[in-house]
Structure formats: C-alpha cells, structure tokens
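Below you'll find the structure, written out as structure tokens, and then a few comments.
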Amino acid sequence: MCVISDKIKFCTCVDATIDVKKLNHYWVLIRYNKRKVPIHLGEITIGYNHISANRKENQEVICKVLSEKDAFDKPIRFKEKDIFQIVLHNHSENHKDVLKFKLEYKSGQWQTFDSKDFLYIKNHFDETDSGEIKEII
C-alpha cells in the first residue's frame, strides 16, 4: 500500500441506504457510551492483520489531517475517548490488502489507539457516524 496523501478527505455524504462497510475506503466514528449495558460475550482470537511498511507514517498523516478544519465535508465535534476507525482496501491483480487504522481522541488530539479488545469496544461504545474516504493517494 502506498503512503496516504495529506489531501485525504472524509465524506459524510453517503446515502443512508448504503452500508459503508461495503465501500472500498470508509471511516467510522465510535463513541463511548457510559450507559451501554454490556451484552457481548466471547473469546478473543488473534487474527492476521496486514502491517504495511508505511503504517506509522500513514498514521501520522491521518492524525494531522483529522486535526484540520476541512478534513470533513461538515463540522464534526469530537469527544474524549472517541475512536476513529479507517478501512482502506487495496485491490491488485493477485491479492486484496485491507489496512485498518484506529485512532483515539485524547486531550483534544488524535493519537494512536491504545488497543482495547474487540469485546470491550462492542460493550462500551456505539457507532455514531460513518462515511466514505476520498483522495487517498
């Protein structure tokens, strides 16, 4: 996967009938919900996660872009503990790579997400917004 451009744009204008998870490149804002009742049980298994050579560099670009006022097509007010997930698909002739980034909003800025397990997120957070990503490269 190439290096992500600092011209990356996060669009909120996706048709409500479309599942963003079926788009090539999308983002999801996940917000902490202190009133959510934990209902998900299970066991965590370690899966394969493709790590690109440019992962750290790409995370830095994403954090920088998210702090700019024009990163989104409409103003979004972030809250402490928000998690921002980005999914990018790279389709080539021989294979399909999926890059996932998760960032956390702490002390007024985006930081690399301190990995909490999947069930913790399912039990304490809600997806509040999502959209398509454009101008990646």
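Following the order of the structure tokens, first chain is A, next is B, and so on, with residues numbered from 1 inside each chain and ligands from 1 in the order they appear.
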Can you pull out every residue from chain A that DSSP, working from the backbone, puts in alpha helix (DSSP H), and format the result as a compact mmCIF listing (two decimals) with N, CA, C and O atoms, in the first residue's frame?
```txt
# COMPACT_ATOMS: atom_id res chain seq x y z
N ARG A 55 3.05 2.01 7.77
CA ARG A 55 1.96 2.14 8.75
C ARG A 55 2.13 3.35 9.67
O ARG A 55 1.21 4.13 9.85
N LYS A 56 3.27 3.50 10.28
CA LYS A 56 3.49 4.61 11.22
C LYS A 56 3.38 5.96 10.50
O LYS A 56 2.74 6.88 10.99
N GLU A 57 3.98 6.04 9.34
CA GLU A 57 3.92 7.28 8.55
C GLU A 57 2.47 7.60 8.18
O GLU A 57 2.03 8.75 8.28
N ASN A 58 1.71 6.59 7.76
CA ASN A 58 0.30 6.80 7.41
C ASN A 58 -0.51 7.23 8.62
O ASN A 58 -1.37 8.11 8.51
N GLN A 59 -0.27 6.65 9.79
CA GLN A 59 -0.99 7.06 11.00
C GLN A 59 -0.71 8.52 11.34
O GLN A 59 -1.61 9.25 11.74
N GLU A 60 0.53 8.95 11.18
CA GLU A 60 0.89 10.34 11.45
C GLU A 60 0.16 11.28 10.50
O GLU A 60 -0.34 12.33 10.91
N VAL A 61 0.07 10.91 9.22
CA VAL A 61 -0.65 11.74 8.24
C VAL A 61 -2.12 11.83 8.62
O VAL A 61 -2.71 12.91 8.62
N ILE A 62 -2.72 10.69 8.97
CA ILE A 62 -4.14 10.68 9.33
C ILE A 62 -4.39 11.55 10.55
O ILE A 62 -5.34 12.34 10.58
N CYS A 63 -3.56 11.43 11.58
CA CYS A 63 -3.72 12.26 12.79
C CYS A 63 -3.63 13.75 12.45
O CYS A 63 -4.42 14.55 12.94
N LYS A 64 -2.70 14.10 11.59
CA LYS A 64 -2.52 15.50 11.19
C LYS A 64 -3.76 16.00 10.43
O LYS A 64 -4.29 17.07 10.71
N VAL A 65 -4.22 15.21 9.47
CA VAL A 65 -5.38 15.61 8.66
C VAL A 65 -6.63 15.74 9.53
O VAL A 65 -7.41 16.68 9.37
N LEU A 66 -6.84 14.81 10.46
CA LEU A 66 -8.02 14.87 11.32
C LEU A 66 -8.07 16.12 12.17
O LEU A 66 -9.14 16.57 12.57
N PHE A 118 -11.75 -6.19 21.24
CA PHE A 118 -12.96 -6.02 20.43
C PHE A 118 -14.22 -6.02 21.30
O PHE A 118 -15.13 -5.22 21.10
N LEU A 119 -14.30 -6.94 22.26
CA LEU A 119 -15.50 -7.03 23.09
C LEU A 119 -15.66 -5.82 23.99
O LEU A 119 -16.78 -5.38 24.25
N TYR A 120 -14.58 -5.25 24.47
CA TYR A 120 -14.67 -4.02 25.28
C TYR A 120 -15.31 -2.91 24.45
O TYR A 120 -16.21 -2.21 24.92
N ILE A 121 -14.89 -2.77 23.21
CA ILE A 121 -15.46 -1.74 22.33
C ILE A 121 -16.93 -2.03 22.06
O ILE A 121 -17.78 -1.14 22.16
N LYS A 122 -17.28 -3.27 21.73
CA LYS A 122 -18.68 -3.64 21.47
C LYS A 122 -19.57 -3.37 22.68
O LYS A 122 -20.73 -3.00 22.53
N ASN A 123 -19.05 -3.58 23.89
CA ASN A 123 -19.85 -3.44 25.10
C ASN A 123 -19.92 -2.02 25.65
O ASN A 123 -20.78 -1.74 26.49
N HIS A 124 -19.03 -1.14 25.22
CA HIS A 124 -18.98 0.20 25.82
C HIS A 124 -19.04 1.36 24.82
O HIS A 124 -19.03 2.52 25.23
```
Would you please extract all strand (DSSP E or B) residues from chain A, as assigned by DSSP on the backbone, and give them as a PyMOL selection string?
chain A and resi 9-11+25-32+72+83-91+96-106+109-112+125-134
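Between CA of Asp73 (chain A) and CA of Phe10 (chain A) the interatomic distance comes to 6.9 Å.
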Using only C-alpha atoms, the residue out of A:Lys79, A:Asp6, A:Ile86, A:Ser130 with shortest distance to Lys106 (chain A) is A:Lys79
What's the separation between CA of Ser107 (chain A) and CA of Ile83 (chain A), in Å to one decimal place?
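So the two atoms, CA of Ser107 (chain A) and CA of Ile83 (chain A), lie 13.1 Å apart.
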Distance criterion (only C-alpha atoms): nearest to Gln109 (chain A) out of A:Lys69, A:Ala16, A:Glu80, A:Ile39:
A:Glu80
Closest of A:Lys74, A:Arg31, A:Lys81, A:His89 to Gly108 (chain A) - atom-to-atom distances counting only C-alpha atoms:
A:Lys81
Take CA of Ala71 (chain A) and CA of Lys102 (chain A) and report the distance between them in Å, one decimal.
16.4 Å
For Leu23 (chain A): contacts at 12 Å, only C-alpha atoms, fewer than 6 positions along chain excluded, given as JSON, numbers by chain:
{"A": [14, 15, 86, 87, 88, 89, 90, 130, 131, 132, 133, 134]}
